[in-house]
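One structure is given here, and the rest of the page talks about it.
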Amino acid sequence: MKALLSRAAGGPETLELAELPDPVPGRGQLLVRVKACAINYPDVLIIEDKYQFRPERPFAPGGEIAGVVEALGEGVEGWKEGDRLIAMLGHGGLSEKVLVDARMALPLPPERSFEEGSALILTYATSIHALLDRGKLKEGETLLVLGAAGGVGLAAVELGKAFGARVVAAVSSEEKAEAARAAGAEEAIVYPRGPFDKDQSKALAQQFKDAVGPNGADVIYDPVGGDYAEPALRSIAWEGRYLVVGFPAGIPKLPLNLTLLKSCDVCGVFWGAFAARDPKANAAHIQTLFRLWQEGKIAPKVSRTWPLADGGEAIAYMAARKAVGKLVVMVE
């Protein structure tokens with residue numbers, strides 16, 4: 001089989017397309033022929049040894065796949081050859097075949113494409129955990145979403161709308177603003193590119209305040225970080241919840257006096273650890289996502305695709321923060 005491998009720490013240009021032996025499923029495992037693999041920001045970090053987990057090399061990046069069962073390991077029940085599925089792997093998805101723990105696989109509805117299926121779980125599961133478990137989002141509240149046209153951002157916009165919030169999207173271009181509005185944001189603002197000096201930071205804070213209204217944002221969803229974090233926090237409501245999701249713009253340092261003045265919470269969001277620690281709660285969220293998907297209230301937005309040989313270009317595109325919605329590598 002072919003796989004796009006990371007043999008040494010580095011950027012997307014270091015990935016090599018190579019031939020590997022087909023994996024053999026062990027007990028409780030499925031051998032899956034990968035059809036599509038979604039690209040997410042952790043794929044940018046993991047090949048540079050900057051992610052929370054460092055797989056032994058060589059490894060293929062790609063943690064989110066859709067594919068077809070080719071073989072079953074001993075003891076597997078509820079699956080058969082030819083079944084369509086989606087699964088989270090951590091890494092390994094940029095390969096023609098992967099092994100999947102049968103307990104972690106989810107059936108792909110027959111009316112959904114592999115492309116769509118590969119783009120569902122990570123962004124929407126992260127966002128539903130963030131908004132409901134960490135943000136305690138309630139109907140009628142105001143939700144400010146930074147980076148609102150990216151994968152997790154659009155998911156947060158759609159879910160916020162589905163849960164009855166007023167959604168304000170913050171993005172870096174008018175094209176991305178249009179995508180956020182199409183996903184259900186009542187308002188979209190275009191912020192400038194950082195870094196910011198003191199005056200620019202103050203102006204951005206005022207831009208956020210004007211957009212969310214005089215009462216502030218009840219929940220702020222921040223998958224961006226960097227110089228955008230403090231201005232966003234300054235727009236938070238009394239007893240608001242600030243959700244720390246990611247840092248493609250850098251790890252910010254927040255002045256904690258702001259949390260005292262607004263009596264607000266700063267909440268970390270680590271969906272992978274949550275799913276491992278509370279699989280029942282995560283499974284309930286996944287069921288909710290599939291229901292909302294069926295009802296048409298959420299839908300993965302795949303803006304670009306690449307073939308496996310060009311998977312490095314997809315990761316480079318993600319690293320450049322150009323993505324609108326999801327990026328997918330079509331493995332087959």
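Chain identifiers are assigned as A, B, and so on, following the order in which chains appear in the structure tokens; residues are numbered from 1 within each chain, and ligands are numbered from 1 in order of appearance.
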(message) Let's see if you can do this: from backbone DSSP, list all strand (DSSP E or B) residues in stretch 28-141 of chain A, as a ChimeraX atom specification.
(response) /A:29-39,59,64-72,84-88,95,97-101,106-107
Those selected residues, please, written with N, CA and C atoms and delivered as a CSV table (one decimal), in the first residue's frame.
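As a result, part.csv now contains:
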chain,number,residue,atom,x,y,z
A,29,GLN,N,-9.8,-5.4,15.8
A,29,GLN,CA,-9.5,-4.4,14.8
A,29,GLN,C,-10.2,-4.7,13.5
A,30,LEU,N,-10.3,-3.6,12.7
A,30,LEU,CA,-10.8,-3.6,11.3
A,30,LEU,C,-9.7,-3.2,10.4
A,31,LEU,N,-9.5,-3.8,9.3
A,31,LEU,CA,-8.7,-3.3,8.2
A,31,LEU,C,-9.5,-2.5,7.3
A,32,VAL,N,-9.2,-1.2,7.2
A,32,VAL,CA,-10.0,-0.3,6.4
A,32,VAL,C,-9.3,0.2,5.2
A,33,ARG,N,-9.9,0.2,4.0
A,33,ARG,CA,-9.3,0.9,2.9
A,33,ARG,C,-9.8,2.3,2.9
A,34,VAL,N,-8.9,3.2,3.1
A,34,VAL,CA,-9.2,4.6,3.3
A,34,VAL,C,-9.7,5.2,1.9
A,35,LYS,N,-10.8,5.9,2.0
A,35,LYS,CA,-11.3,6.6,0.8
A,35,LYS,C,-11.0,8.1,0.9
A,36,ALA,N,-11.1,8.7,2.1
A,36,ALA,CA,-10.9,10.1,2.3
A,36,ALA,C,-10.3,10.3,3.6
A,37,CYS,N,-9.5,11.4,3.7
A,37,CYS,CA,-8.8,11.7,5.0
A,37,CYS,C,-8.9,13.2,5.1
A,38,ALA,N,-9.6,13.7,6.2
A,38,ALA,CA,-9.6,15.2,6.4
A,38,ALA,C,-8.3,15.7,7.0
A,39,ILE,N,-8.0,16.9,6.7
A,39,ILE,CA,-6.8,17.5,7.2
A,39,ILE,C,-7.2,18.6,8.3
A,59,PHE,N,5.7,7.7,10.3
A,59,PHE,CA,4.3,7.6,10.5
A,59,PHE,C,3.6,8.5,9.4
A,64,GLU,N,-8.4,11.6,10.7
A,64,GLU,CA,-9.8,11.6,10.5
A,64,GLU,C,-10.1,11.0,9.2
A,65,ILE,N,-10.7,9.8,9.1
A,65,ILE,CA,-10.9,9.1,7.8
A,65,ILE,C,-12.3,8.6,7.6
A,66,ALA,N,-12.6,8.3,6.4
A,66,ALA,CA,-13.8,7.6,6.0
A,66,ALA,C,-13.3,6.5,5.0
A,67,GLY,N,-13.9,5.3,5.1
A,67,GLY,CA,-13.4,4.2,4.2
A,67,GLY,C,-14.3,3.0,4.3
A,68,VAL,N,-13.8,1.9,3.8
A,68,VAL,CA,-14.6,0.6,3.6
A,68,VAL,C,-13.8,-0.5,4.3
A,69,VAL,N,-14.6,-1.3,5.1
A,69,VAL,CA,-14.0,-2.5,5.8
A,69,VAL,C,-13.5,-3.5,4.8
A,70,GLU,N,-12.2,-3.9,4.9
A,70,GLU,CA,-11.7,-4.9,4.0
A,70,GLU,C,-11.5,-6.3,4.7
A,71,ALA,N,-11.3,-6.2,6.0
A,71,ALA,CA,-11.1,-7.5,6.8
A,71,ALA,C,-11.3,-7.2,8.2
A,72,LEU,N,-11.7,-8.3,8.9
A,72,LEU,CA,-12.0,-8.2,10.4
A,72,LEU,C,-11.0,-9.0,11.2
A,84,ARG,N,-19.3,0.7,5.2
A,84,ARG,CA,-18.7,2.0,5.1
A,84,ARG,C,-18.6,2.6,6.5
A,85,LEU,N,-17.5,3.3,6.8
A,85,LEU,CA,-17.4,3.8,8.2
A,85,LEU,C,-16.6,5.1,8.2
A,86,ILE,N,-16.6,5.8,9.4
A,86,ILE,CA,-15.8,6.9,9.6
A,86,ILE,C,-15.1,6.6,11.0
A,87,ALA,N,-13.9,7.2,11.2
A,87,ALA,CA,-13.1,6.9,12.4
A,87,ALA,C,-12.1,7.9,12.6
A,88,MET,N,-11.8,8.1,13.9
A,88,MET,CA,-10.7,9.0,14.4
A,88,MET,C,-9.5,8.1,14.7
A,95,SER,N,-2.9,7.1,4.3
A,95,SER,CA,-2.4,5.8,3.8
A,95,SER,C,-3.6,5.1,3.1
A,97,LYS,N,-4.4,2.0,3.5
A,97,LYS,CA,-5.1,1.1,4.4
A,97,LYS,C,-4.7,1.4,5.8
A,98,VAL,N,-5.6,1.3,6.8
A,98,VAL,CA,-5.3,1.6,8.2
A,98,VAL,C,-6.0,0.5,9.0
A,99,LEU,N,-5.5,0.4,10.2
A,99,LEU,CA,-6.2,-0.4,11.2
A,99,LEU,C,-7.0,0.5,12.1
A,100,VAL,N,-8.3,0.1,12.4
A,100,VAL,CA,-9.2,0.8,13.2
A,100,VAL,C,-9.7,0.0,14.4
A,101,ASP,N,-9.7,0.5,15.6
A,101,ASP,CA,-10.4,-0.2,16.7
A,101,ASP,C,-11.9,-0.3,16.4
A,106,LEU,N,-17.5,4.3,13.4
A,106,LEU,CA,-19.0,4.8,13.3
A,106,LEU,C,-19.5,4.5,11.9
A,107,PRO,N,-20.7,3.9,11.7
A,107,PRO,CA,-21.2,3.7,10.4
A,107,PRO,C,-21.4,5.0,9.6
(message) Need the shell around A:Leu122: protein/DNA/RNA residues with any atom at most 10 Å away, counting only C-alpha atoms. Skip same-chain ones fewer than 2 positions apart. Format as a list in words?
(response)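 With the cut-off at 10 Å, the set is Ala38, Asn40, Gly63, Glu64, Ala87, Met88, Ser118, Ala119, Leu120, Tyr124, Ala125, Thr126, Ser127, Gly151, Val152, Ala155, Trp271 and Gly272 of chain A.
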May I have the residues from that selection written out with N, CA, C and O atoms, as a PDB file, in the first residue's frame?
ATOM      1  N   ALA A  38      -9.562  13.725   6.156  1.00  0.00           N
ATOM      2  CA  ALA A  38      -9.646  15.163   6.384  1.00  0.00           C
ATOM      3  C   ALA A  38      -8.345  15.669   7.001  1.00  0.00           C
ATOM      4  O   ALA A  38      -7.680  14.958   7.755  1.00  0.00           O
ATOM      5  N   ASN A  40      -6.584  18.509   9.434  1.00  0.00           N
ATOM      6  CA  ASN A  40      -6.883  19.405  10.542  1.00  0.00           C
ATOM      7  C   ASN A  40      -5.595  20.028  11.062  1.00  0.00           C
ATOM      8  O   ASN A  40      -4.496  19.558  10.746  1.00  0.00           O
ATOM      9  N   GLY A  63      -5.679  12.229  10.942  1.00  0.00           N
ATOM     10  CA  GLY A  63      -6.343  11.586  12.063  1.00  0.00           C
ATOM     11  C   GLY A  63      -7.817  11.335  11.894  1.00  0.00           C
ATOM     12  O   GLY A  63      -8.470  10.843  12.820  1.00  0.00           O
ATOM     13  N   GLU A  64      -8.363  11.615  10.718  1.00  0.00           N
ATOM     14  CA  GLU A  64      -9.815  11.558  10.547  1.00  0.00           C
ATOM     15  C   GLU A  64     -10.124  10.986   9.171  1.00  0.00           C
ATOM     16  O   GLU A  64      -9.810  11.601   8.158  1.00  0.00           O
ATOM     17  N   ALA A  87     -13.890   7.167  11.160  1.00  0.00           N
ATOM     18  CA  ALA A  87     -13.140   6.868  12.375  1.00  0.00           C
ATOM     19  C   ALA A  87     -12.108   7.945  12.649  1.00  0.00           C
ATOM     20  O   ALA A  87     -11.598   8.583  11.720  1.00  0.00           O
ATOM     21  N   MET A  88     -11.797   8.127  13.935  1.00  0.00           N
ATOM     22  CA  MET A  88     -10.710   8.985  14.376  1.00  0.00           C
ATOM     23  C   MET A  88      -9.517   8.090  14.706  1.00  0.00           C
ATOM     24  O   MET A  88      -9.647   7.097  15.404  1.00  0.00           O
ATOM     25  N   SER A 118     -15.502  11.984   6.242  1.00  0.00           N
ATOM     26  CA  SER A 118     -14.172  12.190   6.813  1.00  0.00           C
ATOM     27  C   SER A 118     -14.055  13.538   7.501  1.00  0.00           C
ATOM     28  O   SER A 118     -13.166  13.746   8.335  1.00  0.00           O
ATOM     29  N   ALA A 119     -14.938  14.477   7.177  1.00  0.00           N
ATOM     30  CA  ALA A 119     -14.825  15.859   7.655  1.00  0.00           C
ATOM     31  C   ALA A 119     -15.744  16.165   8.821  1.00  0.00           C
ATOM     32  O   ALA A 119     -15.860  17.327   9.222  1.00  0.00           O
ATOM     33  N   LEU A 120     -16.382  15.167   9.405  1.00  0.00           N
ATOM     34  CA  LEU A 120     -17.416  15.436  10.406  1.00  0.00           C
ATOM     35  C   LEU A 120     -16.911  15.473  11.841  1.00  0.00           C
ATOM     36  O   LEU A 120     -17.111  16.454  12.562  1.00  0.00           O
ATOM     37  N   TYR A 124     -16.800  18.968  14.629  1.00  0.00           N
ATOM     38  CA  TYR A 124     -18.098  19.076  15.278  1.00  0.00           C
ATOM     39  C   TYR A 124     -18.083  18.509  16.697  1.00  0.00           C
ATOM     40  O   TYR A 124     -18.737  19.059  17.592  1.00  0.00           O
ATOM     41  N   ALA A 125     -17.369  17.427  16.935  1.00  0.00           N
ATOM     42  CA  ALA A 125     -17.293  16.875  18.292  1.00  0.00           C
ATOM     43  C   ALA A 125     -16.538  17.835  19.216  1.00  0.00           C
ATOM     44  O   ALA A 125     -16.915  18.011  20.380  1.00  0.00           O
ATOM     45  N   THR A 126     -15.478  18.462  18.700  1.00  0.00           N
ATOM     46  CA  THR A 126     -14.781  19.479  19.486  1.00  0.00           C
ATOM     47  C   THR A 126     -15.721  20.614  19.836  1.00  0.00           C
ATOM     48  O   THR A 126     -15.781  21.079  20.987  1.00  0.00           O
ATOM     49  N   SER A 127     -16.475  21.078  18.849  1.00  0.00           N
ATOM     50  CA  SER A 127     -17.322  22.253  19.046  1.00  0.00           C
ATOM     51  C   SER A 127     -18.523  21.968  19.940  1.00  0.00           C
ATOM     52  O   SER A 127     -18.895  22.810  20.763  1.00  0.00           O
ATOM     53  N   GLY A 151     -12.521  24.983   9.949  1.00  0.00           N
ATOM     54  CA  GLY A 151     -13.300  23.780  10.214  1.00  0.00           C
ATOM     55  C   GLY A 151     -14.041  23.834  11.531  1.00  0.00           C
ATOM     56  O   GLY A 151     -15.273  23.685  11.585  1.00  0.00           O
ATOM     57  N   VAL A 152     -13.313  24.060  12.645  1.00  0.00           N
ATOM     58  CA  VAL A 152     -13.987  24.118  13.939  1.00  0.00           C
ATOM     59  C   VAL A 152     -14.843  25.375  14.041  1.00  0.00           C
ATOM     60  O   VAL A 152     -15.895  25.372  14.700  1.00  0.00           O
ATOM     61  N   ALA A 155     -18.142  24.835  12.306  1.00  0.00           N
ATOM     62  CA  ALA A 155     -18.903  23.890  13.126  1.00  0.00           C
ATOM     63  C   ALA A 155     -19.522  24.598  14.321  1.00  0.00           C
ATOM     64  O   ALA A 155     -20.684  24.365  14.668  1.00  0.00           O
ATOM     65  N   TRP A 271     -10.899  18.171  23.426  1.00  0.00           N
ATOM     66  CA  TRP A 271     -11.905  17.155  23.133  1.00  0.00           C
ATOM     67  C   TRP A 271     -11.337  15.736  23.212  1.00  0.00           C
ATOM     68  O   TRP A 271     -11.994  14.831  23.728  1.00  0.00           O
ATOM     69  N   GLY A 272     -10.123  15.514  22.714  1.00  0.00           N
ATOM     70  CA  GLY A 272      -9.572  14.162  22.708  1.00  0.00           C
ATOM     71  C   GLY A 272      -9.496  13.572  24.105  1.00  0.00           C
ATOM     72  O   GLY A 272      -9.851  12.405  24.326  1.00  0.00           O
TER      73      GLY A 272
END
(request) Identify which of the residues A:Ile236, A:Ile121, A:Ala281, A:Ala229 lies closest to A:Thr142, counting only C-alpha atoms when measuring atom-to-atom distances. (result) A:Ile236
(request) Determine the nearest neighbour of A:Arg193 from the options A:Val167, A:Arg134, A:Ser173, A:Gly216, counting only C-alpha atoms. (result)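 Nearest candidate to A:Arg193 out of A:Val167, A:Arg134, A:Ser173, A:Gly216: A:Ser173.
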(message) Set the distance at 9 Å and use only C-alpha atoms: which residues neighbour A:Glu178 once local chain neighbours fewer than 5 positions away are removed? I'd like the list as a list of chain:residue names.
(response)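 The residues that qualify are A:Ala149, A:Ser173, A:Ala183, A:Ala188.
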(request) Determine the nearest neighbour of A:Arg234 from the options A:Ala130, A:Ala9, A:Leu144, A:Ala323, counting only C-alpha atoms. (result)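 With only C-alpha atoms as the atom set, the closest residue is A:Leu144.
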(message) List as a list of chain:residue names the protein and nucleic acid residues near A:Ser172, meaning an atom at most 8 Å away when only C-alpha atoms are counted, but skip any in the same chain fewer than 4 places from it.
(response)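 Those residues are A:Gly147, A:Lys176, A:Ala177, A:Val190, A:Tyr191, A:Pro192, A:Arg193.
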So that I have them on file, write out the residues from the current selection with all heavy atoms, as a PDB file, in the first residue's frame.
ATOM      1  N   GLY A 147     -12.082  32.996  14.099  1.00  0.00           N
ATOM      2  CA  GLY A 147     -11.696  32.016  13.083  1.00  0.00           C
ATOM      3  C   GLY A 147     -12.904  31.262  12.571  1.00  0.00           C
ATOM      4  O   GLY A 147     -12.864  30.053  12.340  1.00  0.00           O
ATOM      5  N   LYS A 176     -14.423  34.764   3.735  1.00  0.00           N
ATOM      6  CA  LYS A 176     -14.708  33.949   4.909  1.00  0.00           C
ATOM      7  C   LYS A 176     -15.961  34.441   5.629  1.00  0.00           C
ATOM      8  O   LYS A 176     -16.717  33.638   6.197  1.00  0.00           O
ATOM      9  CB  LYS A 176     -13.500  33.950   5.843  1.00  0.00           C
ATOM     10  CG  LYS A 176     -12.285  33.230   5.253  1.00  0.00           C
ATOM     11  CD  LYS A 176     -11.103  33.231   6.210  1.00  0.00           C
ATOM     12  CE  LYS A 176      -9.935  32.448   5.628  1.00  0.00           C
ATOM     13  NZ  LYS A 176      -8.777  32.400   6.556  1.00  0.00           N
ATOM     14  N   ALA A 177     -16.194  35.747   5.598  1.00  0.00           N
ATOM     15  CA  ALA A 177     -17.415  36.284   6.203  1.00  0.00           C
ATOM     16  C   ALA A 177     -18.650  35.728   5.504  1.00  0.00           C
ATOM     17  O   ALA A 177     -19.652  35.380   6.159  1.00  0.00           O
ATOM     18  CB  ALA A 177     -17.404  37.811   6.141  1.00  0.00           C
ATOM     19  N   VAL A 190     -14.941  41.429   9.825  1.00  0.00           N
ATOM     20  CA  VAL A 190     -13.626  41.105   9.269  1.00  0.00           C
ATOM     21  C   VAL A 190     -12.581  41.840  10.098  1.00  0.00           C
ATOM     22  O   VAL A 190     -12.580  43.070  10.166  1.00  0.00           O
ATOM     23  CB  VAL A 190     -13.529  41.519   7.788  1.00  0.00           C
ATOM     24  CG1 VAL A 190     -12.135  41.217   7.244  1.00  0.00           C
ATOM     25  CG2 VAL A 190     -14.597  40.791   6.969  1.00  0.00           C
ATOM     26  N   TYR A 191     -11.710  41.084  10.763  1.00  0.00           N
ATOM     27  CA  TYR A 191     -10.661  41.711  11.559  1.00  0.00           C
ATOM     28  C   TYR A 191      -9.349  41.741  10.777  1.00  0.00           C
ATOM     29  O   TYR A 191      -9.150  40.954   9.847  1.00  0.00           O
ATOM     30  CB  TYR A 191     -10.472  41.031  12.913  1.00  0.00           C
ATOM     31  CG  TYR A 191     -10.389  39.521  12.922  1.00  0.00           C
ATOM     32  CD1 TYR A 191      -9.477  38.814  12.151  1.00  0.00           C
ATOM     33  CD2 TYR A 191     -11.224  38.782  13.761  1.00  0.00           C
ATOM     34  CE1 TYR A 191      -9.400  37.441  12.201  1.00  0.00           C
ATOM     35  CE2 TYR A 191     -11.160  37.396  13.825  1.00  0.00           C
ATOM     36  CZ  TYR A 191     -10.234  36.737  13.041  1.00  0.00           C
ATOM     37  OH  TYR A 191     -10.166  35.369  13.091  1.00  0.00           O
ATOM     38  N   PRO A 192      -8.449  42.663  11.130  1.00  0.00           N
ATOM     39  CA  PRO A 192      -7.168  42.749  10.426  1.00  0.00           C
ATOM     40  C   PRO A 192      -6.227  41.626  10.855  1.00  0.00           C
ATOM     41  O   PRO A 192      -6.474  40.929  11.843  1.00  0.00           O
ATOM     42  CB  PRO A 192      -6.623  44.111  10.870  1.00  0.00           C
ATOM     43  CG  PRO A 192      -7.246  44.344  12.203  1.00  0.00           C
ATOM     44  CD  PRO A 192      -8.609  43.718  12.149  1.00  0.00           C
ATOM     45  N   ARG A 193      -5.163  41.459  10.093  1.00  0.00           N
ATOM     46  CA  ARG A 193      -4.138  40.478  10.426  1.00  0.00           C
ATOM     47  C   ARG A 193      -3.199  41.029  11.496  1.00  0.00           C
ATOM     48  O   ARG A 193      -2.780  42.170  11.446  1.00  0.00           O
ATOM     49  CB  ARG A 193      -3.316  40.130   9.176  1.00  0.00           C
ATOM     50  CG  ARG A 193      -4.066  39.298   8.155  1.00  0.00           C
ATOM     51  CD  ARG A 193      -4.037  37.834   8.517  1.00  0.00           C
ATOM     52  NE  ARG A 193      -4.649  36.996   7.498  1.00  0.00           N
ATOM     53  CZ  ARG A 193      -4.667  35.670   7.546  1.00  0.00           C
ATOM     54  NH1 ARG A 193      -4.114  35.040   8.552  1.00  0.00           N
ATOM     55  NH2 ARG A 193      -5.249  34.964   6.597  1.00  0.00           N
TER      56      ARG A 193
END
(request) Compare A:Arg291, A:Lys2, A:Arg54, A:Lys138 by their minimum atom-to-atom distance to A:Val219, counting only C-alpha atoms, and give me the closest one. (result)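 Of A:Arg291, A:Lys2, A:Arg54, A:Lys138, the one nearest A:Val219 is A:Lys138, counting only C-alpha atoms.
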(request) In Å, rounded to a single decimal, give me how far atom CA of A:Gly225 is from atom CA of A:Ala156. (result)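 So the answer is 15.9 Å.
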